[in-house]
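Novice: For reference, the file query.cif (mmCIF, C-alpha atoms (C1' of nucleotides)) is included below:
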```cif
data_upload
loop_
_atom_site.label_atom_id
_atom_site.label_comp_id
_atom_site.auth_asym_id
_atom_site.auth_seq_id
_atom_site.Cartn_x
_atom_site.Cartn_y
_atom_site.Cartn_z
CA MET A 1 0.00 0.00 0.00
CA PRO A 2 2.85 2.46 0.70
CA GLN A 3 3.84 2.52 -2.96
CA ASN A 4 7.18 4.00 -3.76
CA PRO A 5 7.33 7.60 -4.87
CA ASP A 6 9.87 7.06 -7.65
CA LEU A 7 7.53 7.61 -10.58
CA LEU A 8 5.98 10.60 -8.86
CA PHE A 9 9.31 12.32 -8.36
CA ARG A 10 10.41 11.64 -11.91
CA THR A 11 7.12 12.85 -13.34
CA LEU A 12 7.04 16.06 -11.32
CA ALA A 13 10.71 16.87 -11.91
CA ASP A 14 10.02 18.60 -15.20
CA PRO A 15 8.87 22.21 -14.68
CA THR A 16 6.64 22.31 -17.76
CA ARG A 17 4.88 19.12 -16.75
CA ARG A 18 4.54 20.31 -13.17
CA GLY A 19 3.12 23.57 -14.48
CA ILE A 20 0.43 21.70 -16.38
CA PHE A 21 -0.48 19.76 -13.25
CA GLU A 22 -0.59 22.96 -11.22
CA GLN A 23 -2.87 24.53 -13.81
CA LEU A 24 -5.23 21.58 -13.51
CA CYS A 25 -5.21 21.81 -9.73
CA ARG A 26 -5.93 25.53 -9.80
CA ARG A 27 -8.55 25.72 -12.52
CA GLY A 28 -10.01 22.23 -12.60
CA GLU A 29 -10.81 20.20 -15.67
CA GLN A 30 -9.49 21.60 -18.95
CA THR A 31 -9.05 20.59 -22.56
CA VAL A 32 -5.70 20.05 -24.23
CA ALA A 33 -6.13 23.28 -26.18
CA ALA A 34 -6.70 25.32 -23.02
CA LEU A 35 -3.67 23.76 -21.35
CA THR A 36 -1.54 24.36 -24.43
CA ALA A 37 -2.45 28.05 -24.35
CA HIS A 38 -0.69 28.40 -20.99
CA ALA A 39 2.08 25.84 -21.29
CA GLY A 40 4.46 27.74 -23.56
CA VAL A 41 5.22 24.65 -25.62
CA SER A 42 3.62 22.98 -28.63
CA GLN A 43 0.43 20.92 -28.51
CA PRO A 44 2.22 17.60 -29.08
CA ALA A 45 4.53 18.40 -26.19
CA VAL A 46 1.52 19.03 -23.96
CA SER A 47 -0.05 15.75 -25.06
CA LYS A 48 3.11 13.88 -24.16
CA HIS A 49 3.26 15.53 -20.76
CA LEU A 50 -0.37 14.64 -20.15
CA ALA A 51 0.36 11.03 -21.06
CA ALA A 52 3.20 11.00 -18.52
CA LEU A 53 1.00 12.57 -15.84
CA LYS A 54 -1.70 10.03 -16.58
CA GLN A 55 0.75 7.15 -16.29
CA ALA A 56 1.74 8.44 -12.86
CA GLY A 57 -1.92 8.60 -11.86
CA LEU A 58 -1.77 12.37 -11.42
CA VAL A 59 -4.46 13.16 -13.99
CA ARG A 60 -7.56 11.59 -15.45
CA ASP A 61 -8.78 11.99 -19.02
CA ARG A 62 -12.38 12.25 -20.16
CA PRO A 63 -12.73 12.03 -23.96
CA GLU A 64 -15.70 13.91 -25.34
CA GLY A 65 -16.02 14.16 -29.08
CA ARG A 66 -12.95 15.72 -30.58
CA GLN A 67 -11.60 17.05 -27.36
CA THR A 68 -10.17 15.36 -24.30
CA HIS A 69 -10.78 16.87 -20.91
CA TYR A 70 -8.11 16.38 -18.27
CA SER A 71 -8.46 16.80 -14.53
CA ALA A 72 -6.00 16.55 -11.64
CA GLN A 73 -6.03 13.66 -9.21
CA PRO A 74 -4.29 15.19 -6.20
CA LYS A 75 -4.88 12.02 -4.22
CA ALA A 76 -2.02 10.58 -6.23
CA LEU A 77 0.30 12.93 -4.36
CA ALA A 78 -0.17 10.92 -1.18
CA PRO A 79 2.99 8.77 -1.54
CA LEU A 80 4.99 11.95 -1.96
CA ALA A 81 3.57 13.47 1.20
CA ASP A 82 4.13 10.17 3.00
CA TRP A 83 7.75 10.03 1.90
CA THR A 84 8.41 13.58 3.06
CA GLN A 85 6.78 12.86 6.39
CA GLN A 86 8.82 9.70 6.79
CA MET A 87 12.11 11.46 6.12
CA ALA A 88 11.27 14.06 8.73
CA SER A 89 10.30 11.41 11.26
CA PHE A 90 13.50 9.48 10.64
CA TRP A 91 15.39 12.60 11.41
CA ASP A 92 13.41 13.29 14.58
CA GLY A 93 14.28 9.84 15.89
CA ARG A 94 17.89 10.06 14.87
CA PHE A 95 19.30 10.13 18.39
CA ASP A 96 17.52 7.02 19.57
CA ALA A 97 19.90 4.52 21.11
CA LEU A 98 19.32 1.93 18.41
CA GLU A 99 19.78 4.35 15.56
CA ASP A 100 22.94 5.63 17.16
CA LEU A 101 24.25 2.11 17.56
CA LEU A 102 23.52 1.27 13.95
CA LYS A 103 25.32 4.39 12.90
CA ARG A 104 28.41 3.51 14.89
CA MET A 105 28.44 -0.05 13.59
CA ASP A 106 28.37 1.25 10.06
CA GLN A 107 31.54 3.26 9.72
CA MET B 1 10.41 32.83 1.62
CA PRO B 2 8.14 30.35 -0.20
CA GLN B 3 10.95 29.38 -2.54
CA ASN B 4 10.03 27.30 -5.55
CA PRO B 5 10.44 23.56 -5.33
CA ASP B 6 11.99 23.14 -8.79
CA LEU B 7 15.52 22.32 -7.65
CA LEU B 8 14.16 20.02 -4.96
CA PHE B 9 12.10 17.98 -7.41
CA ARG B 10 14.96 17.71 -9.87
CA THR B 11 17.42 16.71 -7.18
CA LEU B 12 15.17 14.05 -5.66
CA ALA B 13 14.09 12.62 -9.01
CA ASP B 14 17.11 10.32 -9.23
CA PRO B 15 16.62 7.12 -7.21
CA THR B 16 20.29 6.69 -6.33
CA ARG B 17 20.53 10.24 -5.05
CA ARG B 18 17.27 9.91 -3.17
CA GLY B 19 18.58 6.69 -1.65
CA ILE B 20 21.64 8.48 -0.34
CA PHE B 21 19.46 11.15 1.22
CA GLU B 22 17.21 8.50 2.77
CA GLN B 23 20.25 6.77 4.21
CA LEU B 24 21.36 10.01 5.82
CA CYS B 25 17.89 10.61 7.24
CA ARG B 26 17.72 7.10 8.69
CA ARG B 27 21.22 6.71 10.07
CA GLY B 28 22.35 10.28 10.61
CA GLU B 29 25.75 11.70 9.75
CA GLN B 30 27.99 9.46 7.66
CA THR B 31 31.21 9.59 5.71
CA VAL B 32 31.44 9.28 1.94
CA ALA B 33 32.93 5.80 2.31
CA ALA B 34 30.01 4.59 4.45
CA LEU B 35 27.50 6.01 1.99
CA THR B 36 29.34 4.47 -0.96
CA ALA B 37 29.11 1.05 0.71
CA HIS B 38 25.31 1.19 0.45
CA ALA B 39 24.83 3.20 -2.73
CA GLY B 40 25.65 0.53 -5.30
CA VAL B 41 27.65 2.97 -7.41
CA SER B 42 31.25 4.16 -7.42
CA GLN B 43 32.70 6.63 -4.96
CA PRO B 44 32.97 9.45 -7.53
CA ALA B 45 29.32 8.95 -8.37
CA VAL B 46 28.42 9.28 -4.70
CA SER B 47 30.52 12.43 -4.40
CA LYS B 48 28.67 13.96 -7.34
CA HIS B 49 25.31 13.09 -5.85
CA LEU B 50 26.36 14.60 -2.55
CA ALA B 51 27.39 17.78 -4.33
CA ALA B 52 23.96 17.96 -5.95
CA LEU B 53 22.20 17.33 -2.63
CA LYS B 54 24.33 20.02 -1.02
CA GLN B 55 23.47 22.50 -3.75
CA ALA B 56 19.78 21.84 -3.08
CA GLY B 57 20.35 22.43 0.62
CA LEU B 58 19.35 18.87 1.48
CA VAL B 59 22.66 17.94 3.11
CA ARG B 60 25.45 19.60 5.06
CA ASP B 61 29.12 18.62 4.90
CA ARG B 62 31.57 18.64 7.80
CA PRO B 63 35.18 18.10 6.66
CA GLU B 64 37.36 16.41 9.24
CA GLY B 65 40.83 15.43 8.18
CA ARG B 66 40.73 13.14 5.20
CA GLN B 67 37.08 12.36 5.46
CA THR B 68 33.98 14.44 4.94
CA HIS B 69 30.95 13.79 7.09
CA TYR B 70 27.56 14.43 5.53
CA SER B 71 24.25 14.89 7.31
CA ALA B 72 20.69 15.40 6.12
CA GLN B 73 18.90 18.72 6.41
CA PRO B 74 15.26 17.62 6.30
CA LYS B 75 14.16 21.22 6.89
CA ALA B 76 15.01 21.75 3.25
CA LEU B 77 12.04 19.54 2.35
CA ALA B 78 9.66 22.25 3.53
CA PRO B 79 9.01 23.78 0.08
CA LEU B 80 8.13 20.35 -1.21
CA ALA B 81 5.63 19.76 1.58
CA ASP B 82 4.24 23.25 1.03
CA TRP B 83 3.79 22.64 -2.68
CA THR B 84 1.98 19.36 -2.08
CA GLN B 85 -0.28 20.99 0.47
CA GLN B 86 -1.00 23.85 -1.90
CA MET B 87 -1.97 21.54 -4.76
CA ALA B 88 -4.37 19.70 -2.48
CA SER B 89 -5.90 22.94 -1.22
CA PHE B 90 -6.34 24.23 -4.75
CA TRP B 91 -8.26 21.12 -5.51
CA ASP B 92 -10.40 21.44 -2.39
CA GLY B 93 -11.42 24.92 -3.44
CA ARG B 94 -12.00 23.98 -7.04
CA PHE B 95 -15.75 24.52 -6.99
CA ASP B 96 -15.65 28.04 -5.64
CA ALA B 97 -17.67 30.45 -7.75
CA LEU B 98 -14.64 32.47 -8.83
CA GLU B 99 -12.59 29.44 -9.76
CA ASP B 100 -15.47 28.09 -11.72
CA LEU B 101 -15.88 31.38 -13.52
CA LEU B 102 -12.21 31.53 -14.43
CA LYS B 103 -12.43 28.02 -15.74
CA ARG B 104 -15.36 28.85 -17.96
CA MET B 105 -13.68 31.99 -19.26
CA ASP B 106 -10.65 30.01 -20.22
CA GLN B 107 -11.91 27.54 -22.75
"C1'" DT C 1 59.50 10.75 4.52
"C1'" DA C 2 57.06 7.23 1.89
"C1'" DG C 3 53.08 5.03 1.16
"C1'" DA C 4 48.20 4.34 2.02
"C1'" DA C 5 43.70 6.23 2.56
"C1'" DT C 6 39.92 9.44 1.64
"C1'" DC C 7 37.51 12.38 -1.15
"C1'" DA C 8 36.81 15.60 -5.18
"C1'" DT C 9 37.34 16.72 -9.92
"C1'" DA C 10 38.25 15.98 -14.92
"C1'" DA C 11 37.18 13.76 -19.04
"C1'" DC C 12 34.47 10.94 -21.43
"C1'" DC C 13 30.39 7.92 -22.85
"C1'" DG C 14 25.75 6.11 -23.50
"C1'" DA C 15 21.04 6.56 -22.40
"C1'" DT C 16 17.26 9.28 -21.45
"C1'" DC C 17 14.26 12.94 -22.42
"C1'" DA C 18 11.91 17.19 -23.63
"C1'" DG C 19 11.27 19.63 -27.51
"C1'" DT C 20 10.31 20.11 -32.47
"C1'" DT C 21 7.75 19.16 -37.21
"C1'" DA C 22 5.00 16.08 -39.82
"C1'" DT C 23 1.19 13.29 -40.06
"C1'" DG C 24 -2.74 10.37 -38.95
"C1'" DA C 25 -7.28 9.46 -36.79
"C1'" DA C 26 -11.49 10.97 -35.26
"C1'" DT C 27 -15.17 14.27 -34.90
"C1'" DC C 28 -17.79 18.40 -35.90
"C1'" DA C 29 -19.77 21.84 -39.06
"C1'" DA C 30 -21.08 23.91 -43.44
"C1'" DT D 1 -19.37 15.06 -48.33
"C1'" DT D 2 -15.79 18.22 -47.77
"C1'" DG D 3 -13.07 20.85 -45.03
"C1'" DA D 4 -11.78 22.37 -40.45
"C1'" DT D 5 -10.83 21.23 -35.69
"C1'" DT D 6 -8.87 18.61 -31.96
"C1'" DC D 7 -5.81 15.52 -30.19
"C1'" DA D 8 -2.34 11.66 -30.35
"C1'" DT D 9 1.57 9.44 -32.33
"C1'" DA D 10 5.80 8.88 -35.18
"C1'" DA D 11 10.31 10.28 -36.21
"C1'" DC D 12 13.98 12.94 -35.28
"C1'" DT D 13 17.34 16.09 -32.68
"C1'" DG D 14 20.05 18.37 -29.19
"C1'" DA D 15 20.89 18.79 -24.45
"C1'" DT D 16 21.10 16.92 -20.05
"C1'" DC D 17 22.67 13.63 -16.91
"C1'" DG D 18 24.19 9.59 -14.38
"C1'" DG D 19 27.62 6.41 -14.73
"C1'" DT D 20 32.44 5.08 -15.48
"C1'" DT D 21 37.87 5.35 -15.11
"C1'" DA D 22 41.78 8.19 -14.29
"C1'" DT D 23 43.93 11.38 -11.54
"C1'" DG D 24 44.92 15.04 -8.24
"C1'" DA D 25 44.89 17.05 -3.50
"C1'" DT D 26 44.99 16.33 1.14
"C1'" DT D 27 45.73 13.88 5.34
"C1'" DC D 28 46.94 10.09 8.23
"C1'" DT D 29 50.28 6.38 9.48
"C1'" DA D 30 54.24 3.33 9.63
#
```
Translate this structure into structure tokens?
Specialist:
Amino acid sequence: MPQNPDLLFRTLADPTRRGIFEQLCRRGEQTVAALTAHAGVSQPAVSKHLAALKQAGLVRDRPEGRQTHYSAQPKALAPLADWTQQMASFWDGRFDALEDLLKRMDQ
Amino acid sequence: MPQNPDLLFRTLADPTRRGIFEQLCRRGEQTVAALTAHAGVSQPAVSKHLAALKQAGLVRDRPEGRQTHYSAQPKALAPLADWTQQMASFWDGRFDALEDLLKRMDQ
DNA sequence: TAGAATCATAACCGATCAGTTATGAATCAA
DNA sequence: TTGATTCATAACTGATCGGTTATGATTCTA
């Protein structure tokens, strides 16, 4: 259930792609044409970014006639939030006796 | 103060580099040699990853004689947590009248 | 002082990837 | 039905990047 955040990080690493996702979070469902108008890149580039976002589960598509409507799925960000939380908690517990022992054994 | 998370996302996108950061969060301060033992790549590769992590503010280095001790700076994850939170909140407010209006005006 | 140990940097290589243009497939409108 | 619209895919390109080996700089030790 705690799926690894690798694909999420890779997908969100590109600023253009992250911008498209942000746009969808801010304004809700939009067509490819509307997203292209704000993306600053060509329509095929936007389509490819949307395919990547979809693969990562970050967006959903809803075909309707000629156009395809995309919407954000912020729930997919959960593993990323979990990972961040976990790193912070590891750090909080860093001075536990066991952790300290493991550290000393290691180097 | 709400600095953009671009460098953070790019830095954490690589699994090897993220693994090194995780190791530092779990076990605390470690030398380059200790990190290399777990990284599965060569020592120069680890040094380059550490340089990238340092540039992103995610780690601190403490030179001591021949060896350099590195430690995680999980505080640097704050912009990432903020961004995630913001995306979720945008989505929560998606059906506000103004947001809805903007959406309609846009396409 | 000579050699070993630790880390960083240089130089290079192959793979990945984000962008482009061209084109195809599907749908709507005149 | 013909042409326009909307989107996706194919094919290609240049840049980025993570990995390697080789080497240098520094520090400890025998």
Novice: What do you get, as a PyMOL selection string, if you spell out every residue that the PyMOL selection byres ((chain B and resi 41) around 12) selects here?
Specialist: (chain B and resi 15-17+19-20+32-33+35-40+42-49) or (chain D and resi 18-20)
Novice: Starting from the displayed file, determine the output of the PyMOL selection byres ((chain C and resi 4-20) around 7) and express the residue list as a list in words.
Specialist: Ala45 of chain A; Arg66 and Gln67 of chain B; DG3 and DT21 of chain C
Novice: Please produce a file of the residues just selected, as a PDB file, in the frame of the given file, where the atoms kept are C-alpha atoms (C1' of nucleotides).
Specialist:
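See selection_6.pdb below for the written result:
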```pdb
ATOM      1  CA  ALA A  45       4.530  18.400 -26.190  1.00  0.00           C
TER       2      ALA A  45
ATOM      3  CA  ARG B  66      40.730  13.140   5.200  1.00  0.00           C
ATOM      4  CA  GLN B  67      37.080  12.360   5.460  1.00  0.00           C
TER       5      GLN B  67
ATOM      6  C1'  DG C   3      53.080   5.030   1.160  1.00  0.00           C
ATOM      7  C1'  DT C  21       7.750  19.160 -37.210  1.00  0.00           C
TER       8       DT C  21
END
```
Novice: I'd like to see the residues matched by the PyMOL selection byres ((chain B and resi 84) around 12) on this file, and ideally I'd get them as a VMD selection string.
Specialist: (chain A and resid 8 to 9 12 18 21 to 22 25 74 to 85) or (chain B and resid 4 to 5 9 77 to 83 85 to 91)
Novice: Using only C-alpha atoms (C1' of nucleotides), what residues lie at most 9 Å away from (0.1, 9.6, -35.3) (file coordinates), given as a PyMOL selection string?
Specialist: (chain C and resi 23-25) or (chain D and resi 8-10)
Novice: For chain A, work out the contacting residues on chain D at 8 Å, counting only C-alpha atoms (C1' of nucleotides), and write them as JSON, numbers by chain.
Specialist: {"D": [5, 6, 7, 8]}
Novice: Those residues you just picked out, can you put them in a file as a JSON list (two decimals), in the frame of the given file with C-alpha atoms (C1' of nucleotides)?
Specialist:
```json
[["chain", "number", "residue", "atom", "x", "y", "z"],
["D", 5, "DT", "C1'", -10.83, 21.23, -35.69],
["D", 6, "DT", "C1'", -8.87, 18.61, -31.96],
["D", 7, "DC", "C1'", -5.81, 15.52, -30.19],
["D", 8, "DA", "C1'", -2.34, 11.66, -30.35]]
```
Novice: Quick one, how far is CA of Glu64 (chain B) from CA of Arg26 (chain B)?
Specialist: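 Atom-to-atom, CA of Glu64 (chain B) and CA of Arg26 (chain B) are spaced 21.7 Å apart.
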Novice: Do you have the CA of Gln73 (chain A)-CA of Gln3 (chain A) distance handy?
Specialist: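 So the two atoms, CA of Gln73 (chain A) and CA of Gln3 (chain A), lie 16.1 Å apart.
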Novice: When you draw a straight line from C1' of DC28 (chain C) to CA of Gly28 (chain A), how long is it in Å?
Specialist: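 According to the coordinates, C1' of DC28 (chain C) and CA of Gly28 (chain A) are separated by 24.9 Å.
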Novice: Ranking B:Leu50, B:Arg60, B:Gln55, B:Asp92 by minimum distance to chain A and counting only C-alpha atoms, which one comes first?
Specialist: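 That would be B:Asp92, the residue with the smallest distance to chain A.
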Novice: Using only C-alpha atoms, which of A:Asp6, A:Thr11, A:Gln23, A:Glu29 sits nearest Ala52 (chain A)?
Specialist: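 Residue with the minimum atom-to-atom distance to Ala52 (chain A): A:Thr11.
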Novice: Using all atoms listed in the file for the distances, tell me which of B:Ala56, B:Leu7, B:Ala34, B:Leu24 is nearest to chain C.
Specialist: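 Going through B:Ala56, B:Leu7, B:Ala34, B:Leu24 one by one, the smallest distance to chain C is for B:Ala34.
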